[in-house]
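Structure file work-v4.cif; described as mmCIF, C-alpha atoms.
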data_entry
loop_
_atom_site.label_atom_id
_atom_site.label_comp_id
_atom_site.auth_asym_id
_atom_site.auth_seq_id
_atom_site.Cartn_x
_atom_site.Cartn_y
_atom_site.Cartn_z
CA MET A 1 128.91 218.26 107.05
CA ASN A 2 129.04 221.58 105.27
CA ASN A 3 126.22 223.80 106.56
CA THR A 4 127.08 226.84 104.49
CA HIS A 5 124.23 226.16 102.05
CA PRO A 6 121.13 228.33 102.48
CA ASP A 7 118.15 226.55 104.06
CA ASN A 8 116.06 226.89 100.89
CA ASP A 9 118.79 225.51 98.64
CA VAL A 10 117.33 223.28 95.90
CA LEU A 11 119.32 220.04 96.19
CA VAL A 12 117.37 217.89 93.73
CA LYS A 13 115.80 219.14 90.51
CA VAL A 14 114.10 216.71 88.14
CA GLU A 15 112.78 217.91 84.78
CA ASN A 16 110.66 215.85 82.36
CA LEU A 17 112.36 212.64 83.43
CA SER A 18 111.44 209.55 81.41
CA LYS A 19 112.73 206.00 81.12
CA LYS A 20 111.46 203.22 78.87
CA PHE A 21 112.07 199.49 78.97
CA CYS A 22 111.40 196.64 76.59
CA LYS A 23 109.29 193.64 77.63
CA ASP A 24 111.38 191.23 75.56
CA LEU A 25 115.10 190.67 76.24
CA LYS A 26 116.12 189.87 72.66
CA THR A 27 114.25 192.86 71.30
CA SER A 28 115.80 195.04 74.00
CA LEU A 29 119.30 193.94 73.03
CA TRP A 30 118.54 194.59 69.35
CA TYR A 31 117.24 198.08 70.14
CA GLY A 32 120.39 198.72 72.17
CA VAL A 33 122.61 197.80 69.24
CA LYS A 34 120.57 199.98 66.85
CA ASP A 35 120.78 202.91 69.26
CA LEU A 36 124.55 202.60 69.51
CA VAL A 37 124.98 202.42 65.74
CA SER A 38 122.57 205.18 64.80
CA GLY A 39 123.42 207.48 67.68
CA VAL A 40 119.77 207.77 68.65
CA ARG A 41 120.54 208.87 72.18
CA GLY A 42 119.92 212.58 72.38
CA SER A 43 117.49 212.66 69.47
CA SER A 44 113.72 213.16 69.47
CA GLN A 45 113.18 209.41 69.13
CA GLU A 46 113.89 209.08 72.85
CA ARG A 47 110.26 209.97 73.53
CA GLN A 48 108.80 207.54 71.01
CA LEU A 49 107.93 203.99 72.00
CA ARG A 50 108.89 201.17 69.68
CA PRO A 51 107.09 197.80 69.60
CA LYS A 52 107.26 195.94 72.95
CA GLU A 53 108.49 199.05 74.79
CA PHE A 54 106.72 200.74 77.70
CA TRP A 55 107.33 203.77 79.90
CA ALA A 56 108.63 202.77 83.34
CA VAL A 57 108.90 206.49 84.21
CA LYS A 58 107.23 209.22 82.19
CA ASP A 59 107.56 213.02 82.49
CA ILE A 60 108.35 213.30 86.21
CA ASN A 61 109.10 216.78 87.54
CA PHE A 62 109.92 218.00 91.05
CA GLU A 63 112.24 220.15 93.16
CA LEU A 64 113.43 219.18 96.62
CA ARG A 65 115.05 221.58 99.06
CA ARG A 66 117.17 221.07 102.13
CA GLY A 67 114.94 220.11 105.06
CA GLU A 68 112.22 218.58 102.85
CA CYS A 69 111.21 214.94 102.62
CA LEU A 70 109.58 213.70 99.43
CA GLY A 71 107.48 210.56 99.67
CA LEU A 72 107.19 208.36 96.59
CA ILE A 73 104.18 206.06 96.86
CA GLY A 74 102.39 203.76 94.46
CA HIS A 75 101.71 200.10 93.99
CA ASN A 76 104.18 197.53 92.68
CA GLY A 77 105.20 198.36 89.13
CA ALA A 78 104.35 202.05 89.45
CA GLY A 79 107.93 203.09 88.60
CA LYS A 80 109.22 204.11 92.03
CA SER A 81 112.33 201.91 92.04
CA THR A 82 113.23 202.88 88.48
CA LEU A 83 113.00 206.55 89.43
CA LEU A 84 115.25 205.98 92.47
CA LYS A 85 117.84 204.18 90.36
CA ILE A 86 117.94 207.10 87.95
CA LEU A 87 118.32 209.56 90.82
CA ASN A 88 121.15 207.48 92.27
CA GLY A 89 122.91 207.24 88.90
CA LEU A 90 122.53 203.47 88.54
CA ILE A 91 120.71 203.81 85.22
CA ASN A 92 120.47 206.61 82.68
CA PRO A 93 117.18 208.24 81.68
CA ASP A 94 116.00 208.20 78.09
CA ALA A 95 114.81 211.80 78.35
CA GLY A 96 114.85 214.66 80.83
CA THR A 97 117.46 215.82 83.32
CA VAL A 98 118.40 215.26 86.96
CA THR A 99 120.42 217.86 88.85
CA ILE A 100 121.65 216.94 92.33
CA LYS A 101 123.88 219.15 94.47
CA GLY A 102 126.12 217.70 97.17
CA ARG A 103 126.73 214.18 98.38
CA VAL A 104 124.13 211.48 97.87
CA GLY A 105 123.57 208.59 100.25
CA ALA A 106 121.30 205.82 99.03
CA LEU A 107 119.73 202.73 100.53
CA ILE A 108 117.70 201.40 97.64
CA GLU A 109 118.53 197.70 97.30
CA LEU A 110 119.49 195.15 99.90
CA GLY A 111 123.28 194.86 99.86
CA ALA A 112 123.67 197.24 96.92
CA GLY A 113 127.06 198.91 96.96
CA PHE A 114 128.65 196.25 99.18
CA ASN A 115 131.49 194.03 98.04
CA PRO A 116 130.48 190.63 99.45
CA ILE A 117 134.03 189.31 99.91
CA LEU A 118 135.17 192.36 101.89
CA SER A 119 134.47 192.83 105.58
CA GLY A 120 131.93 195.26 106.97
CA ARG A 121 134.74 197.60 108.01
CA GLU A 122 136.28 197.59 104.51
CA ASN A 123 132.87 198.23 102.97
CA ILE A 124 132.39 201.26 105.21
CA TYR A 125 135.57 202.79 103.78
CA ASN A 126 134.54 201.86 100.23
CA ASN A 127 131.09 203.40 100.59
CA GLY A 128 132.46 206.50 102.26
CA ALA A 129 134.94 206.97 99.44
CA ILE A 130 132.16 206.62 96.86
CA LEU A 131 130.24 209.36 98.73
CA GLY A 132 133.31 211.58 98.37
CA PHE A 133 134.70 211.44 101.90
CA SER A 134 138.41 211.22 102.66
CA ARG A 135 139.85 208.38 104.72
CA GLN A 136 140.40 210.80 107.61
CA GLU A 137 136.74 211.87 107.53
CA ILE A 138 135.64 208.23 107.52
CA ASP A 139 137.99 207.49 110.44
CA THR A 140 136.15 210.05 112.57
CA LYS A 141 132.78 208.46 111.75
CA LEU A 142 133.81 204.79 111.85
CA GLN A 143 132.99 203.96 115.47
CA ASP A 144 129.65 205.79 115.28
CA ILE A 145 128.72 203.79 112.17
CA ILE A 146 129.68 200.46 113.76
CA ALA A 147 127.83 201.29 116.98
CA PHE A 148 124.72 202.45 115.16
CA ALA A 149 124.66 199.27 113.05
CA GLU A 150 125.09 197.18 116.22
CA LEU A 151 127.69 195.08 114.42
CA GLU A 152 130.70 195.36 116.75
CA GLU A 153 131.19 191.57 116.86
CA PHE A 154 130.79 191.06 113.12
CA ILE A 155 132.37 194.15 111.58
CA ASP A 156 135.46 192.23 110.38
CA MET A 157 133.42 189.37 108.90
CA PRO A 158 132.82 189.25 105.11
CA VAL A 159 129.53 190.88 104.21
CA GLN A 160 128.50 187.82 102.19
CA HIS A 161 127.92 186.06 105.51
CA TYR A 162 125.67 188.85 106.87
CA SER A 163 121.94 188.30 107.27
CA SER A 164 119.57 190.61 105.38
CA GLY A 165 118.93 192.54 108.60
CA MET A 166 122.65 193.03 109.21
CA LYS A 167 123.12 194.37 105.66
CA VAL A 168 120.30 196.85 106.17
CA ARG A 169 121.75 198.02 109.48
CA LEU A 170 125.19 198.54 107.95
CA GLY A 171 123.80 200.22 104.82
CA PHE A 172 121.65 202.66 106.75
CA ALA A 173 124.41 203.39 109.27
CA VAL A 174 126.79 204.38 106.46
CA ALA A 175 124.13 206.35 104.56
CA ALA A 176 122.91 208.29 107.61
CA GLN A 177 126.02 208.73 109.76
CA MET A 178 127.98 210.19 106.85
CA GLU A 179 125.34 212.96 106.77
CA PRO A 180 124.85 213.28 103.00
CA ASP A 181 123.16 216.28 101.44
CA VAL A 182 120.61 213.99 99.76
CA LEU A 183 119.43 210.73 101.33
CA ILE A 184 117.48 208.21 99.24
CA ILE A 185 115.67 205.43 101.11
CA ASP A 186 113.72 202.58 99.56
CA GLU A 187 111.49 199.96 101.18
CA VAL A 188 114.54 197.99 102.38
CA LEU A 189 114.06 199.35 105.90
CA ALA A 190 111.10 196.99 106.19
CA VAL A 191 113.63 194.15 106.51
CA GLY A 192 114.95 195.41 109.84
CA ASP A 193 113.42 194.75 113.24
CA LEU A 194 111.03 197.30 114.72
CA GLY A 195 113.54 198.61 117.26
CA PHE A 196 116.11 199.38 114.57
CA ILE A 197 113.48 200.92 112.27
CA LEU A 198 112.43 203.31 115.04
CA LYS A 199 116.10 204.20 115.61
CA CYS A 200 116.49 204.88 111.88
CA PHE A 201 113.59 207.30 111.81
CA LYS A 202 114.80 209.07 114.92
CA THR A 203 118.12 209.57 113.09
CA ILE A 204 116.30 210.85 110.00
CA ASP A 205 114.48 213.38 112.21
CA THR A 206 117.88 214.59 113.42
CA ILE A 207 119.54 214.98 110.01
CA LEU A 208 116.49 216.12 108.04
CA PRO A 209 116.94 219.89 108.70
CA HIS A 210 120.28 219.69 106.84
CA THR A 211 119.33 217.06 104.27
CA ALA A 212 116.86 216.43 101.45
CA VAL A 213 115.25 213.00 101.85
CA ILE A 214 113.52 210.90 99.18
CA PHE A 215 111.54 208.13 100.83
CA VAL A 216 109.75 205.17 99.23
CA SER A 217 107.43 203.06 101.36
CA HIS A 218 104.20 201.08 101.36
CA SER A 219 103.66 202.04 105.00
CA MET A 220 101.32 205.02 104.88
CA PRO A 221 101.70 205.86 108.61
CA LEU A 222 105.45 206.27 108.03
CA VAL A 223 104.89 208.36 104.91
CA SER A 224 102.40 210.54 106.77
CA ARG A 225 104.82 211.01 109.66
CA MET A 226 107.93 211.81 107.62
CA CYS A 227 106.98 213.49 104.37
CA ASN A 228 105.99 217.08 103.60
CA GLN A 229 105.95 216.53 99.82
CA ILE A 230 104.50 213.56 97.98
CA ILE A 231 104.21 211.99 94.54
CA LEU A 232 101.71 209.20 93.90
CA MET A 233 102.95 207.22 90.90
CA GLU A 234 100.89 204.98 88.66
CA LYS A 235 102.23 203.24 85.54
CA GLY A 236 105.28 205.49 85.54
CA LYS A 237 103.37 208.76 85.70
CA SER A 238 102.61 211.18 88.50
CA LYS A 239 98.97 210.59 89.47
CA PHE A 240 99.06 213.19 92.25
CA GLN A 241 101.78 215.56 93.38
CA GLY A 242 102.01 218.26 96.02
CA ASP A 243 102.17 218.94 99.75
CA ASP A 244 98.75 217.47 100.61
CA VAL A 245 100.15 214.17 101.87
CA GLY A 246 96.82 213.05 103.34
CA LYS A 247 95.01 213.39 100.01
CA ALA A 248 97.69 211.36 98.21
CA ILE A 249 97.42 208.62 100.83
CA ASP A 250 93.64 208.51 100.41
CA LEU A 251 94.09 208.12 96.64
CA TYR A 252 96.64 205.37 97.27
CA TYR A 253 94.19 203.52 99.51
CA ASN A 254 91.44 203.92 96.93
CA ARG A 255 93.46 201.81 94.51
CA PHE A 256 92.99 198.88 96.89
CA ALA A 257 89.22 199.06 96.57
CA ASN A 258 88.40 195.94 94.61
CA ASN A 259 84.79 195.11 93.92
CA GLU A 260 85.56 191.86 92.12
CA SER A 261 83.84 189.07 94.04
CA SER A 262 84.88 185.49 94.46
CA ILE A 263 82.58 182.65 95.46
CA ILE A 264 84.62 180.29 97.64
CA PHE A 265 81.83 177.84 98.51
CA ASP A 266 78.25 177.37 97.35
CA ASP A 267 76.06 174.34 98.11
CA GLY A 268 73.27 175.66 95.86
CA SER A 269 70.95 176.80 98.66
CA LEU A 270 71.48 180.58 98.45
CA GLU A 271 72.27 183.29 95.93
CA LEU A 272 73.53 186.69 97.06
CA GLN A 273 71.43 189.35 95.33
CA SER A 274 72.80 192.44 97.08
CA LEU A 275 75.03 193.54 99.92
CA ASN A 276 75.12 197.29 100.46
CA ILE A 277 77.13 199.28 102.99
CA LEU A 278 75.19 202.44 103.83
CA TYR A 279 77.08 205.72 103.75
CA HIS A 280 76.27 209.42 103.57
CA ASN A 281 78.71 211.03 101.14
CA LYS A 282 77.31 209.89 97.80
CA GLU A 283 79.69 212.17 95.88
CA GLU A 284 82.58 209.81 96.57
CA ASP A 285 83.42 207.15 93.98
CA ASN A 286 83.96 204.64 96.76
CA ILE A 287 82.15 203.90 100.01
CA VAL A 288 83.71 206.29 102.53
CA LEU A 289 82.85 206.21 106.22
CA ASN A 290 84.14 208.61 108.81
CA TRP A 291 85.72 207.26 111.97
CA ASN A 292 82.98 206.76 114.62
CA ASP A 293 80.17 206.50 112.04
CA ASP A 294 77.64 203.69 112.38
CA PHE A 295 78.54 200.72 110.17
CA GLU A 296 75.39 199.41 108.49
CA ILE A 297 75.07 196.57 105.98
CA GLU A 298 71.88 195.61 104.13
CA VAL A 299 71.81 192.05 102.77
CA VAL A 300 69.39 190.30 100.42
CA LEU A 301 69.81 186.61 99.53
CA LYS A 302 67.57 184.52 97.32
CA LYS A 303 66.62 181.06 98.61
CA LEU A 304 67.18 178.45 95.94
CA LYS A 305 66.30 175.68 98.42
CA GLU A 306 64.41 175.71 101.68
CA VAL A 307 66.85 176.60 104.46
CA SER A 308 66.57 177.60 108.11
CA ASP A 309 68.65 177.90 111.28
CA LEU A 310 71.50 179.76 109.59
CA GLU A 311 74.50 181.58 111.03
CA PHE A 312 75.85 184.61 109.20
CA PHE A 313 79.44 185.83 109.45
CA PHE A 314 80.78 189.16 108.23
CA ILE A 315 84.59 189.06 108.25
CA ILE A 316 86.38 192.38 107.76
CA LEU A 317 89.88 192.41 106.25
CA ASP A 318 92.43 195.17 105.86
CA LYS A 319 94.07 196.20 102.58
CA GLU A 320 96.62 193.38 102.91
CA GLN A 321 93.76 190.87 103.25
CA ARG A 322 94.43 190.18 106.92
CA PRO A 323 91.27 189.53 108.99
CA VAL A 324 90.98 192.28 111.58
CA ALA A 325 87.42 191.82 112.89
CA SER A 326 84.11 190.03 112.52
CA LEU A 327 80.64 191.28 113.36
CA LEU A 328 79.24 189.48 116.42
CA ARG A 329 76.43 187.33 115.16
CA ASN A 330 72.91 186.96 116.54
CA ASN A 331 71.48 183.51 115.85
CA ASN A 332 67.87 184.57 116.38
CA PHE A 333 67.00 185.20 112.73
CA ASP A 334 63.31 184.32 112.79
CA PHE A 335 62.42 187.79 111.53
CA ILE A 336 64.36 187.39 108.30
CA TYR A 337 62.29 184.50 106.94
CA LYS A 338 59.11 186.49 106.32
CA SER A 339 59.43 186.07 102.54
CA SER A 340 59.14 182.60 101.08
CA ASP A 341 61.97 183.02 98.62
CA LYS A 342 64.24 185.69 100.14
CA ILE A 343 66.33 186.39 103.22
CA ALA A 344 66.72 190.10 103.92
CA PHE A 345 68.19 191.83 106.94
CA LYS A 346 70.34 194.71 108.16
CA VAL A 347 73.41 194.52 110.41
CA ILE A 348 74.34 197.59 112.48
CA HIS A 349 77.59 198.14 114.35
CA LYS A 350 77.55 201.40 116.29
CA ASN A 351 80.49 203.82 116.29
CA LEU A 352 82.99 202.21 113.92
CA GLN A 353 86.51 202.71 115.29
CA PHE A 354 88.74 201.27 112.59
CA SER A 355 91.79 203.38 111.84
CA LYS A 356 92.18 205.12 108.49
CA GLY A 357 92.41 202.80 105.49
CA ILE A 358 90.65 200.48 103.06
CA TYR A 359 88.77 197.38 104.25
CA SER A 360 86.92 194.58 102.49
CA VAL A 361 84.06 192.35 103.63
CA ASN A 362 83.68 188.58 103.27
CA LEU A 363 80.32 186.89 103.81
CA ALA A 364 80.01 183.35 105.18
CA VAL A 365 76.85 181.37 105.94
CA ARG A 366 76.66 178.03 107.71
CA SER A 367 74.14 175.81 109.42
CA ALA A 368 73.62 176.77 113.06
CA ILE A 369 72.95 173.12 113.94
CA THR A 370 75.46 171.04 111.95
CA LYS A 371 77.99 173.90 111.39
CA GLU A 372 78.29 172.78 107.77
CA PRO A 373 79.14 175.58 105.29
CA ILE A 374 76.30 176.81 103.10
CA TYR A 375 77.76 179.77 101.24
CA ARG A 376 80.91 181.89 101.26
CA LYS A 377 81.83 184.84 99.09
CA ASN A 378 84.95 186.95 99.50
CA ASN A 379 85.31 190.65 98.70
CA VAL A 380 81.56 191.19 98.48
CA SER A 381 82.15 194.87 99.21
CA SER A 382 84.85 197.27 100.32
CA PHE A 383 84.85 200.54 102.21
CA GLN A 384 87.24 203.27 103.24
CA VAL A 385 87.55 204.77 106.71
CA SER A 386 88.48 208.44 106.65
CA TYR A 387 90.40 210.06 109.50
CA PRO A 388 92.93 212.94 109.54
CA ILE A 389 95.74 210.86 111.07
CA ASP A 390 97.33 207.60 109.92
CA SER A 391 98.22 205.04 112.56
CA TRP A 392 100.01 201.71 112.75
CA GLU A 393 97.23 200.05 114.71
CA PRO A 394 94.02 198.72 113.08
CA PHE A 395 91.78 200.35 115.72
CA LEU A 396 91.44 203.85 117.11
CA LEU A 397 89.40 203.28 120.26
CA LYS A 398 87.37 206.21 121.51
CA SER A 399 88.52 207.05 125.02
CA LYS A 400 88.60 209.75 127.68
CA PHE A 401 91.67 210.93 129.56
CA THR A 402 91.14 212.42 133.04
CA SER A 403 93.44 213.62 135.77
CA LEU A 404 94.05 211.45 138.83
#
Could I get this file's structure written as structure tokens?
Amino acid sequence: MNNTHPDNDVLVKVENLSKKFCKDLKTSLWYGVKDLVSGVRGSSQERQLRPKEFWAVKDINFELRRGECLGLIGHNGAGKSTLLKILNGLINPDAGTVTIKGRVGALIELGAGFNPILSGRENIYNNGAILGFSRQEIDTKLQDIIAFAELEEFIDMPVQHYSSGMKVRLGFAVAAQMEPDVLIIDEVLAVGDLGFILKCFKTIDTILPHTAVIFVSHSMPLVSRMCNQIILMEKGKSKFQGDDVGKAIDLYYNRFANNESSIIFDDGSLELQSLNILYHNKEEDNIVLNWNDDFEIEVVLKKLKEVSDLEFFFIILDKEQRPVASLLRNNNFDFIYKSSDKIAFKVIHKNLQFSKGIYSVNLAVRSAITKEPIYRKNNVSSFQVSYPIDSWEPFLLKSKFTSL
């Protein structure tokens, strides 16, 4: 790799980048024909939406220097993949400019850039040539690429017979081992096994000082670990941009807060009137708890029928709606039946040790005697746990390290 570039060299410059698509195929084809005939491309009409059109990417601006890693985050449909395809030259923007210096390696779609009928070895030479490397340069890298991809036994087999994991390994090996000036990585790494993913990020750590990396992921711990610049995209636009990666991740998590409730089961005995999670920072739009705070829930239910001997369950789910915990129940609820028509109580869990992220709460009630369901409502509330560091694991357990 050529290391003569200054360390602060701007490798990627994006100015007012915009791309629009049409929701209807026939209309899109008609617009394409009209654009070709009228020579619209390059005119001011590029920034005007026609019926059924929408902005997939709108007015994106950033600069990326050697040694920097830009994280692109946002929910599905935010415009991340469209932006990557523009950067990689797969599609043209409708407005704005992209300036990229040096060689670009990209891993943005599973199997993209591979000829399925050629072998893995032949595809390595093809991809290297596309990146601008000579056959002699590829020869010197070939064995390293094959070894890194762990495909020694299959390198002469047609790529069409590769599994998705094998394609990812080969794609990343080519993109990283050829040491491009700019490396673009999409979510495809999620297809690989954990051991290979960790090897990939160790390699990125090694090449990053000489490379500019653009990284798209839904894994916030990975984004937090890798990126020193970040853009949070929403509906094609930049919702947040800068070097405060933690703030962008918090905003990303906030988008998962969903207060819409869903009654899964109701036998007509109870009606949930309120479920409130207590928290201190009332300035926040959402319920935000700090790690190690007490977790307190106040519940009021109206009795529509006479009921007794109930069991209450509070199931806590992460942002991907996976159950991660439940509050240990106490079946001695005599104190909650003081009112003739209401059930009211508070649940306290001391020193909450969930890791940083968004969580939701489901409520379930059943008979303590027959175990028959009485009432269940999902997503009755949601809360965010704030902590300076992202982690893979759902819990950060308070502990003490001492010398032996």
Please identify every residue of range 73-113 of chain A that has at least one atom no farther than 10 Å from an atom of range 19-22 of chain A, counting all atoms listed in the file, and for each give the shortest atom pair and the distance in Å to one decimal, arranged by chain then increasing number, as CSV.
residue,atom,partner,partner_atom,distance
A:Gly79,CA,A:Lys19,CA,9.4
A:Thr82,CA,A:Lys19,CA,8.0
A:Leu83,CA,A:Lys19,CA,8.3
A:Ile86,CA,A:Lys19,CA,8.7
A:Ile91,CA,A:Lys19,CA,9.2
A:Asn92,CA,A:Lys19,CA,7.9
A:Pro93,CA,A:Lys19,CA,5.0
A:Asp94,CA,A:Lys19,CA,5.0
A:Ala95,CA,A:Lys19,CA,6.8
A:Gly96,CA,A:Lys19,CA,8.9
Selection file, C-alpha atoms, as a short mmCIF file (atom, residue, chain, number, x, y, z; two decimals), in the coordinates of the input:
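After the write, out_28.cif holds the following:
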data_model
loop_
_atom_site.label_atom_id
_atom_site.label_comp_id
_atom_site.auth_asym_id
_atom_site.auth_seq_id
_atom_site.Cartn_x
_atom_site.Cartn_y
_atom_site.Cartn_z
CA GLY A 79 107.93 203.09 88.60
CA THR A 82 113.23 202.88 88.48
CA LEU A 83 113.00 206.55 89.43
CA ILE A 86 117.94 207.10 87.95
CA ILE A 91 120.71 203.81 85.22
CA ASN A 92 120.47 206.61 82.68
CA PRO A 93 117.18 208.24 81.68
CA ASP A 94 116.00 208.20 78.09
CA ALA A 95 114.81 211.80 78.35
CA GLY A 96 114.85 214.66 80.83
#
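Residue nearest Trp291 in chain A, chosen from A:Asn228, A:Gln241, A:Asn127, A:Ser355 and counting all atoms listed in the file: A:Ser355.
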Practice item. Considering all atoms listed in the file, return as JSON, numbers by chain whatever protein or nucleic-acid residues lie within 7 Å of range 311-317 of chain A, sequence-local ones (same chain, fewer than 2 positions apart) excluded. Key: {"A": [309, 319, 321, 322, 323, 324, 325, 326, 327, 329, 331, 359, 360, 361, 362, 363, 364, 365, 366, 367, 368]}
**Study point:** Point (74.4, 172.0, 105.0) neighbourhood (12 Å, only C-alpha atoms) written as a list in words
**Key:** Phe265, Asp266, Asp267, Gly268, Ser269, Leu270, Lys305, Glu306, Val307, Ser308, Asp309, Leu310, Glu311, Val365, Arg366, Ser367, Ala368, Ile369, Thr370, Lys371, Glu372, Pro373, Ile374 and Tyr375 of chain A
Exercise for review: Could you please give me, as a ChimeraX atom specification, the residues of protein, DNA or RNA lying at most 12 Å from (97.3, 203.8, 111.4) in the coordinate frame of the file, considering all atoms listed in the file?
Suggested key: /A:219-225,249,318,353-358,385-397
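On the file presented, the PyMOL selection byres ((chain A and resi 157) around 8) picks out Leu118, Ser119, Gly120, Phe154, Ile155, Asp156, Pro158, Val159 and His161 of chain A.
Put simply, CA of Leu17 in chain A is 9.6 Å away from CA of Phe62 in chain A.
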Since the input has fewer atoms than a full residue there, write range 77-95 of chain A out with N, CA and C atoms, as a CSV table (one decimal), in the frame of the given file.
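Writing done, so here's out.csv:
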chain,number,residue,atom,x,y,z
A,77,GLY,N,105.2,198.1,90.6
A,77,GLY,CA,105.2,198.4,89.1
A,77,GLY,C,104.9,199.8,88.7
A,78,ALA,N,104.7,200.7,89.7
A,78,ALA,CA,104.4,202.0,89.4
A,78,ALA,C,105.5,202.9,88.9
A,79,GLY,N,106.8,202.4,89.1
A,79,GLY,CA,107.9,203.1,88.6
A,79,GLY,C,108.8,203.7,89.7
A,80,LYS,N,108.5,203.5,90.9
A,80,LYS,CA,109.2,204.1,92.0
A,80,LYS,C,110.7,203.7,92.0
A,81,SER,N,110.9,202.4,92.0
A,81,SER,CA,112.3,201.9,92.0
A,81,SER,C,113.1,202.4,90.8
A,82,THR,N,112.5,202.4,89.7
A,82,THR,CA,113.2,202.9,88.5
A,82,THR,C,113.6,204.3,88.7
A,83,LEU,N,112.7,205.1,89.2
A,83,LEU,CA,113.0,206.6,89.4
A,83,LEU,C,114.2,206.7,90.4
A,84,LEU,N,114.2,205.9,91.5
A,84,LEU,CA,115.2,206.0,92.5
A,84,LEU,C,116.6,205.6,91.8
A,85,LYS,N,116.6,204.6,91.0
A,85,LYS,CA,117.8,204.2,90.4
A,85,LYS,C,118.4,205.3,89.4
A,86,ILE,N,117.5,206.0,88.8
A,86,ILE,CA,117.9,207.1,88.0
A,86,ILE,C,118.5,208.2,88.8
A,87,LEU,N,117.8,208.5,89.9
A,87,LEU,CA,118.3,209.6,90.8
A,87,LEU,C,119.7,209.2,91.4
A,88,ASN,N,119.9,207.9,91.7
A,88,ASN,CA,121.2,207.5,92.3
A,88,ASN,C,122.2,207.2,91.2
A,89,GLY,N,121.9,207.4,89.9
A,89,GLY,CA,122.9,207.2,88.9
A,89,GLY,C,123.2,205.8,88.5
A,90,LEU,N,122.3,204.9,88.9
A,90,LEU,CA,122.5,203.5,88.5
A,90,LEU,C,122.1,203.2,87.1
A,91,ILE,N,121.1,203.9,86.6
A,91,ILE,CA,120.7,203.8,85.2
A,91,ILE,C,120.5,205.2,84.7
A,92,ASN,N,120.6,205.3,83.3
A,92,ASN,CA,120.5,206.6,82.7
A,92,ASN,C,119.0,206.8,82.2
A,93,PRO,N,118.5,208.0,82.2
A,93,PRO,CA,117.2,208.2,81.7
A,93,PRO,C,117.2,208.3,80.2
A,94,ASP,N,116.1,208.0,79.5
A,94,ASP,CA,116.0,208.2,78.1
A,94,ASP,C,115.7,209.6,77.7
A,95,ALA,N,115.1,210.4,78.6
A,95,ALA,CA,114.8,211.8,78.4
A,95,ALA,C,114.7,212.5,79.7
